[in-house]
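Undergrad: The file below is upload.cif, mmCIF, C-alpha atoms:
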```
data_run
#
loop_
_atom_site.label_atom_id
_atom_site.label_comp_id
_atom_site.auth_asym_id
_atom_site.auth_seq_id
_atom_site.Cartn_x
_atom_site.Cartn_y
_atom_site.Cartn_z
CA ALA A 1 105.31 104.92 71.45
CA HIS A 2 103.58 101.65 72.19
CA VAL A 3 102.82 101.66 75.93
CA VAL A 4 101.98 98.52 77.89
CA VAL A 5 100.98 98.55 81.57
CA ALA A 6 101.04 95.21 83.40
CA ASP A 7 100.58 93.99 86.95
CA ARG A 8 103.28 92.14 88.90
CA ASP A 9 102.24 88.82 87.33
CA GLY A 10 102.66 90.20 83.81
CA ASN A 11 98.96 90.47 83.06
CA VAL A 12 98.37 93.38 80.66
CA ILE A 13 96.04 95.97 82.19
CA LEU A 14 96.28 98.77 79.65
CA GLU A 15 97.80 99.13 76.20
CA ARG A 16 97.99 102.33 74.19
CA ASP A 17 99.79 103.91 71.20
CA VAL A 18 100.94 107.48 71.88
CA GLU A 19 101.94 109.79 69.02
CA PRO A 20 105.11 111.93 69.24
CA LEU A 21 104.62 115.06 71.40
CA ALA A 22 101.14 113.84 72.36
CA VAL A 23 99.89 113.48 75.93
CA GLU A 24 97.71 110.52 76.86
CA SER A 25 95.95 109.79 80.16
CA LEU A 26 95.85 106.13 81.17
CA VAL A 27 93.35 105.59 83.98
CA MET A 28 94.52 102.70 86.13
CA PRO A 29 92.01 100.32 87.69
CA HIS A 30 91.86 101.14 91.36
CA PRO A 31 89.27 99.21 93.36
CA ARG A 32 88.99 100.14 97.02
CA THR A 33 90.61 96.80 97.84
CA MET A 34 93.89 98.22 96.50
CA ASN A 35 94.06 101.07 98.98
CA ILE A 36 97.14 100.83 101.21
CA ASN A 37 95.87 101.93 104.61
CA SER A 38 98.61 100.59 106.87
CA SER A 39 102.15 99.27 106.89
CA SER A 40 102.15 96.23 104.60
CA ILE A 41 103.64 94.20 101.79
CA THR A 42 101.17 94.14 98.89
CA ASN A 43 101.07 92.99 95.26
CA PHE A 44 99.93 96.38 93.99
CA GLY A 45 102.90 97.36 91.80
CA PHE A 46 102.47 98.14 88.10
CA ARG A 47 105.10 98.03 85.37
CA ILE A 48 105.12 100.39 82.37
CA GLU A 49 107.05 99.30 79.26
CA THR A 50 107.40 101.13 75.95
CA ASP A 51 109.27 100.59 72.69
CA VAL A 52 110.73 104.14 72.69
CA PRO A 53 111.63 106.53 75.55
CA ILE A 54 108.76 108.44 77.17
CA THR A 55 108.13 110.77 80.09
CA ALA A 56 105.56 109.48 82.59
CA TYR A 57 103.80 111.06 85.55
CA GLN A 58 101.64 109.49 88.23
CA PHE A 59 98.56 111.41 89.43
CA ASN A 60 96.72 110.38 92.57
CA PRO A 61 94.02 111.04 91.49
CA LEU A 62 93.80 112.90 88.17
CA GLN A 63 90.13 113.86 88.14
CA ARG A 64 87.82 115.70 90.56
CA TYR A 65 85.89 112.46 91.09
CA ASP A 66 87.34 108.99 91.47
CA GLN A 67 86.27 105.88 89.55
CA MET A 68 83.58 105.20 92.15
CA GLY A 69 82.09 108.66 91.54
CA GLN A 70 83.18 109.93 94.94
CA SER A 71 84.43 113.49 95.31
CA VAL A 72 88.18 113.87 95.86
CA ALA A 73 89.26 117.01 97.68
CA SER A 74 93.02 116.73 97.15
CA ASN A 75 95.59 115.17 94.86
CA ASP A 76 99.28 115.13 94.05
CA ALA A 77 101.53 113.92 91.25
CA SER A 78 105.02 112.54 90.82
CA LEU A 79 107.49 112.18 87.99
CA LEU A 80 108.15 108.47 87.43
CA LEU A 81 111.82 107.52 87.20
CA PRO A 82 112.90 104.83 84.70
CA ASP A 83 114.57 101.58 85.75
CA SER A 84 117.96 103.02 84.82
CA ALA A 85 117.52 105.71 87.50
CA LEU A 86 116.70 103.26 90.31
CA ASP A 87 119.25 101.96 92.80
CA THR A 88 119.87 99.99 96.00
CA PHE A 89 120.54 102.87 98.43
CA PHE A 90 118.00 105.55 99.35
CA ILE A 91 117.32 107.95 102.18
CA GLY A 92 113.60 108.63 102.48
CA ALA A 93 111.80 111.97 102.31
CA ALA A 94 108.20 112.42 103.44
CA PHE A 95 106.57 114.90 105.89
CA THR A 96 105.08 115.03 109.37
CA HIS A 97 102.32 112.68 110.58
CA TRP A 98 99.40 114.62 112.06
CA GLY A 99 96.03 113.41 113.35
CA SER A 100 95.24 110.10 111.65
CA TYR A 101 97.31 110.92 108.54
CA ALA A 102 100.58 109.01 108.62
CA SER A 103 103.94 109.79 107.11
CA PHE A 104 104.70 107.00 104.62
CA LEU A 105 107.34 105.42 102.42
CA SER A 106 106.40 102.91 99.71
CA ILE A 107 109.23 100.79 98.29
CA VAL A 108 108.65 98.88 95.03
CA SER A 109 110.89 95.93 94.20
CA THR A 110 112.11 95.34 90.64
CA GLU A 111 113.25 91.75 91.27
CA ASP A 112 112.28 88.63 93.22
CA ASP A 113 113.91 87.75 96.55
CA ASN A 114 114.99 91.34 97.08
CA GLU A 115 116.31 91.83 100.62
CA ILE A 116 115.32 95.35 101.66
CA THR A 117 116.83 96.59 104.91
CA VAL A 118 115.30 99.69 106.47
CA THR A 119 116.34 101.77 109.46
CA PRO A 120 113.32 103.99 110.18
CA SER A 121 113.78 107.52 111.45
CA THR A 122 110.59 107.25 113.51
CA ALA A 123 108.44 104.48 115.00
CA VAL A 124 106.60 102.41 112.37
CA GLN A 125 103.12 100.97 112.87
CA ALA A 126 102.65 97.21 112.52
CA GLY A 127 100.71 95.82 109.57
CA ASP A 128 100.42 92.95 107.11
CA ASN A 129 103.87 91.24 107.11
CA VAL A 130 105.39 94.33 108.78
CA PRO A 131 106.21 94.26 112.52
CA ALA A 132 106.08 97.34 114.72
CA LEU A 133 109.48 99.03 114.56
CA SER A 134 111.09 101.59 116.83
CA ALA A 135 113.06 104.54 115.50
CA GLY A 136 116.53 103.30 114.56
CA GLN A 137 115.52 99.60 114.66
CA GLU A 138 116.96 97.93 111.56
CA HIS A 139 114.81 95.28 109.89
CA THR A 140 115.15 93.27 106.67
CA PHE A 141 112.19 92.33 104.47
CA VAL A 142 112.18 89.89 101.53
CA VAL A 143 110.12 91.49 98.75
CA HIS A 144 109.44 90.16 95.26
CA ARG A 145 109.18 91.80 91.83
CA GLY A 146 106.20 94.15 91.69
CA GLN A 147 105.48 93.96 95.41
CA VAL A 148 105.23 97.15 97.46
CA LEU A 149 106.66 97.44 100.97
CA THR A 150 104.87 100.33 102.71
CA LEU A 151 105.97 101.78 106.05
CA LYS A 152 103.68 104.15 107.93
CA SER A 153 104.54 106.21 110.99
CA ARG A 154 102.99 105.08 114.25
CA SER A 155 101.83 108.34 115.82
CA ALA A 156 101.35 112.08 115.35
CA GLY A 157 104.61 113.97 115.02
CA GLY A 158 106.34 111.00 113.40
CA ASP A 159 108.23 111.62 110.17
CA LEU A 160 109.90 108.98 107.97
CA THR A 161 112.21 111.56 106.38
CA GLY A 162 115.74 110.31 106.95
CA THR A 163 114.86 106.60 106.89
CA ILE A 164 117.81 104.58 105.54
CA ILE A 165 116.95 102.04 102.81
CA ASN A 166 119.40 99.44 101.46
CA SER A 167 118.46 96.60 99.11
CA THR A 168 120.15 93.76 97.27
CA GLU A 169 118.30 94.63 94.03
CA ASN A 170 117.06 97.93 92.63
CA VAL A 171 113.96 99.52 94.13
CA GLY A 172 111.80 102.59 93.56
CA VAL A 173 110.88 104.68 96.61
CA TYR A 174 107.90 106.99 97.13
CA GLY A 175 107.40 109.27 100.12
CA GLY A 176 104.61 111.47 101.41
CA VAL A 177 101.64 111.86 103.73
CA ASP A 178 98.05 110.79 103.07
CA CYS A 179 96.91 114.36 103.82
CA ALA A 180 99.65 116.70 105.04
CA GLN A 181 99.36 120.02 106.83
CA THR A 182 102.18 122.19 105.47
CA PRO A 183 103.06 123.44 107.96
CA VAL A 184 101.47 121.37 110.74
CA GLY A 185 98.69 123.52 112.16
CA ALA A 186 97.55 124.86 108.77
CA SER A 187 93.80 125.19 108.26
CA TYR A 188 93.63 122.43 105.64
CA CYS A 189 95.57 119.37 104.54
CA ASP A 190 96.57 118.05 101.12
CA HIS A 191 97.76 114.69 99.86
CA ILE A 192 101.47 114.75 99.03
CA GLU A 193 103.61 112.12 97.34
CA GLU A 194 106.85 112.09 95.37
CA LYS A 195 109.20 109.51 93.92
CA ILE A 196 112.56 109.88 95.67
CA PHE A 197 115.90 110.07 93.87
CA PRO A 198 118.54 107.54 94.97
CA VAL A 199 121.47 108.90 96.96
CA ARG A 200 123.82 108.47 93.99
CA ALA A 201 121.81 111.21 92.20
CA TRP A 202 122.18 113.73 95.05
CA ASP A 203 124.61 116.64 94.68
CA THR A 204 126.36 119.40 96.58
CA GLU A 205 124.99 122.48 94.79
CA TYR A 206 121.39 123.53 94.14
CA TYR A 207 119.54 126.64 93.02
CA ALA A 208 116.31 126.94 95.01
CA THR A 209 113.46 128.78 93.29
CA LYS A 210 110.35 130.00 95.07
CA PHE A 211 106.96 128.77 93.91
CA ALA A 212 104.80 131.33 92.09
CA THR A 213 103.54 133.76 94.72
CA ARG A 214 99.85 133.44 95.63
CA GLY A 215 99.96 135.92 98.52
CA ILE A 216 102.50 136.45 101.28
CA GLU A 217 103.14 132.78 101.99
CA SER A 218 106.58 131.24 102.49
CA ASP A 219 107.82 128.01 100.95
CA ILE A 220 108.99 125.19 103.21
CA TRP A 221 112.44 123.76 102.51
CA ARG A 222 114.10 120.62 103.84
CA ILE A 223 117.72 119.62 103.31
CA VAL A 224 118.60 115.96 104.00
CA ALA A 225 122.21 114.84 104.54
CA SER A 226 123.74 111.69 103.04
CA GLN A 227 126.92 111.76 105.15
CA ASP A 228 127.96 112.60 108.69
CA GLN A 229 129.28 116.06 109.49
CA THR A 230 127.76 117.71 106.41
CA VAL A 231 128.20 121.49 106.34
CA ILE A 232 125.55 123.44 104.40
CA THR A 233 125.33 127.13 103.48
CA THR A 234 122.81 129.26 101.58
CA SER A 235 123.33 132.43 99.55
CA PRO A 236 121.75 134.88 100.19
CA MET A 237 121.78 133.46 103.71
CA GLN A 238 118.35 132.15 104.74
CA VAL A 239 119.11 130.77 108.18
CA ALA A 240 122.03 129.25 110.08
CA ILE A 241 121.95 125.52 109.27
CA PRO A 242 123.49 123.15 111.84
CA VAL A 243 125.98 120.47 110.84
CA LEU A 244 123.95 117.41 109.81
CA ASN A 245 124.71 113.69 110.06
CA ARG A 246 123.51 111.01 107.66
CA GLY A 247 119.72 110.89 107.53
CA GLU A 248 119.26 114.11 109.49
CA PHE A 249 117.41 117.02 107.92
CA PHE A 250 116.91 120.70 108.59
CA GLU A 251 113.66 122.50 107.82
CA PHE A 252 113.21 126.23 107.27
CA THR A 253 110.96 128.64 105.38
CA GLY A 254 111.78 131.30 102.82
CA THR A 255 110.25 133.79 100.42
CA GLU A 256 113.07 134.23 97.88
CA ASP A 257 115.33 132.36 95.46
CA PHE A 258 118.71 131.25 96.81
CA LYS A 259 121.67 128.94 96.29
CA ILE A 260 122.49 125.90 98.43
CA GLU A 261 126.03 124.54 98.79
CA ALA A 262 127.16 121.55 100.85
CA ASP A 263 130.45 119.71 101.35
CA ALA A 264 128.74 116.32 100.80
CA PRO A 265 125.72 115.29 98.69
CA VAL A 266 122.34 116.40 100.02
CA LEU A 267 118.70 116.14 98.96
CA VAL A 268 116.63 119.34 98.78
CA VAL A 269 112.85 119.09 99.15
CA GLN A 270 110.43 121.99 98.59
CA TYR A 271 106.87 122.07 99.97
CA MET A 272 104.08 124.44 99.05
CA THR A 273 102.32 125.93 102.09
CA GLY A 274 98.59 125.95 102.62
#
```
Show how you would write the structure in this file as C-alpha cells.

TA:
Amino acid sequence: AHVVVADRDGNVILERDVEPLAVESLVMPHPRTMNINSSSITNFGFRIETDVPITAYQFNPLQRYDQMGQSVASNDASLLLPDSALDTFFIGAAFTHWGSYASFLSIVSTEDDNEITVTPSTAVQAGDNVPALSAGQEHTFVVHRGQVLTLKSRSAGGDLTGTIINSTENVGVYGGVDCAQTPVGASYCDHIEEKIFPVRAWDTEYYATKFATRGIESDIWRIVASQDQTVITTSPMQVAIPVLNRGEFFEFTGTEDFKIEADAPVLVVQYMTG
C-alpha cells in the first residue's frame, strides 16, 4: 500500500510504502503549538490516503517519550474509521471531567462550509471561535475541510457523553478525557480517547466481554440511547437499567461476560478501571 499523509491544505507530511501484512509506524509531527488545550476550532486535521485498503490506528502517544524527549506517563489508541464509515449524525461518548482534566469531543470536518450543530450534554468552556455553552444549548458552527471543532467541559463533574451532533457534511468524532480517573476517585488517571461510531452503526444486541483479569477489578460499562423510551436488558442480569431517552446513558460495573438487548439502537462503551 502506498500511504500518503497530508495536512488540511494538501501538503504532504509523510509518505510510505507498506508491504502486505506488514505493520509500519508513522510518527506525525506534533509541535507543542498543535496541542488542543481548550474549546476551539483549529487547522490540525490530517488526511490519510492509500491506493489499497488498510487498517489504521492512532496512538497518542506511541512511545514512552515524546518527540521533545519528555516522559509521557499515559497513552491511549483508537481505531481510525474510513470515510465510508463517517456520517452526519452522532451522539458523543467521553467520560467524566475531574480536577483540571476536561471531558472532550473533537469533531473533524471532511468538507468545506460544513454546518455542525451541537447540543451539549454539559456546560462547555469558551475558547477560540467557541462561545461558552450551557447544557442543552444548541449552537451551529461553520467548519471547513480538515478543521477540528473541539468542545471541552467547563467544570469538574461535567461529561460530554450524550452530546447530540448533526452536520450538513460527513464528520469524524473523537471522545475522551485528557487524563481520566476510571472511576472518579481512583488513585491515578490515564489519557483516554476513542473514535465514535455514527448512530447509523449502532445496534440493539451486543455481547459484552470482560477485559483480561488483572486482579479483582470490575469493568465500567456505559450504554447510550439513540431514541426516547429505550428499554434495555442484560443477561445474566447485571443491574436494573432505567428506561433511557435519546442521549441519556446508564453506567454500571461488572466482572463477567453478558448479553445486552435493547428495543432501539444503543452504543455500548467499556472502560478499564485503574

Undergrad: Since I can't run it myself right now, could you work out what the PyMOL selection byres ((chain A and resi 37) around 12) selects here and report it as a list of chain:residue names?

TA: A:Arg32, A:Thr33, A:Met34, A:Asn35, A:Ile36, A:Ser38, A:Ser39, A:Ser40, A:Ile41, A:Thr42, A:Ser100, A:Tyr101, A:Ala102, A:Ser103, A:Phe104, A:Ser106, A:Gln125, A:Ala126, A:Gly127, A:Asp128, A:Thr150, A:Leu151, A:Lys152, A:Ser153, A:Val177, A:Asp178

Undergrad: Can you work out the spacing between atom CA of Leu62 of chain A and atom CA of Leu80 of chain A in Å, to one decimal?

TA: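 Distance between the two atoms: 15.0 Å.
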
Undergrad: Which is closest to Val199 of chain A among A:Pro29, A:Gly274, A:Gly92, A:Gly99, if we use all atoms listed in the file?

TA: A:Gly92

Undergrad: Which is closest to Asp83 of chain A among A:Leu21, A:Val171, A:Val118, A:Ala208, if we use only C-alpha atoms?

TA: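 Of the candidates, the smallest distance to Asp83 of chain A is held by A:Val171.
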
Undergrad: Quote the spacing between atom CA of Gln147 of chain A and atom CA of Pro131 of chain A in Å to one decimal place.

TA: 17.1 Å

Undergrad: Segment 212-229 of chain A: which residues within 8 Å, counting all atoms listed in the file, same-chain residues fewer than 2 positions away excluded, as a count of residues only?

TA: 30

Undergrad: Provide the atom CA of Val72 of chain A to atom CA of Val130 of chain A distance in Å, to one decimal place.

TA: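 According to the coordinates, atom CA of Val72 of chain A and atom CA of Val130 of chain A are separated by 29.1 Å.
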
Undergrad: Nearest to Pro61 of chain A: which of A:Ala93, A:Val173, A:Ala6, A:Ile192 is it, counting all atoms listed in the file?

TA: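 Closest to Pro61 of chain A, using all atoms listed in the file: A:Ile192.
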
Undergrad: To test your reading of the syntax: which residues would the PyMOL selection byres ((chain A and resi 24-26) around 10) return for the file shown? Reply as a PyMOL selection string.

TA: chain A and resi 3+5+14-19+21-23+27-29+56-59+62
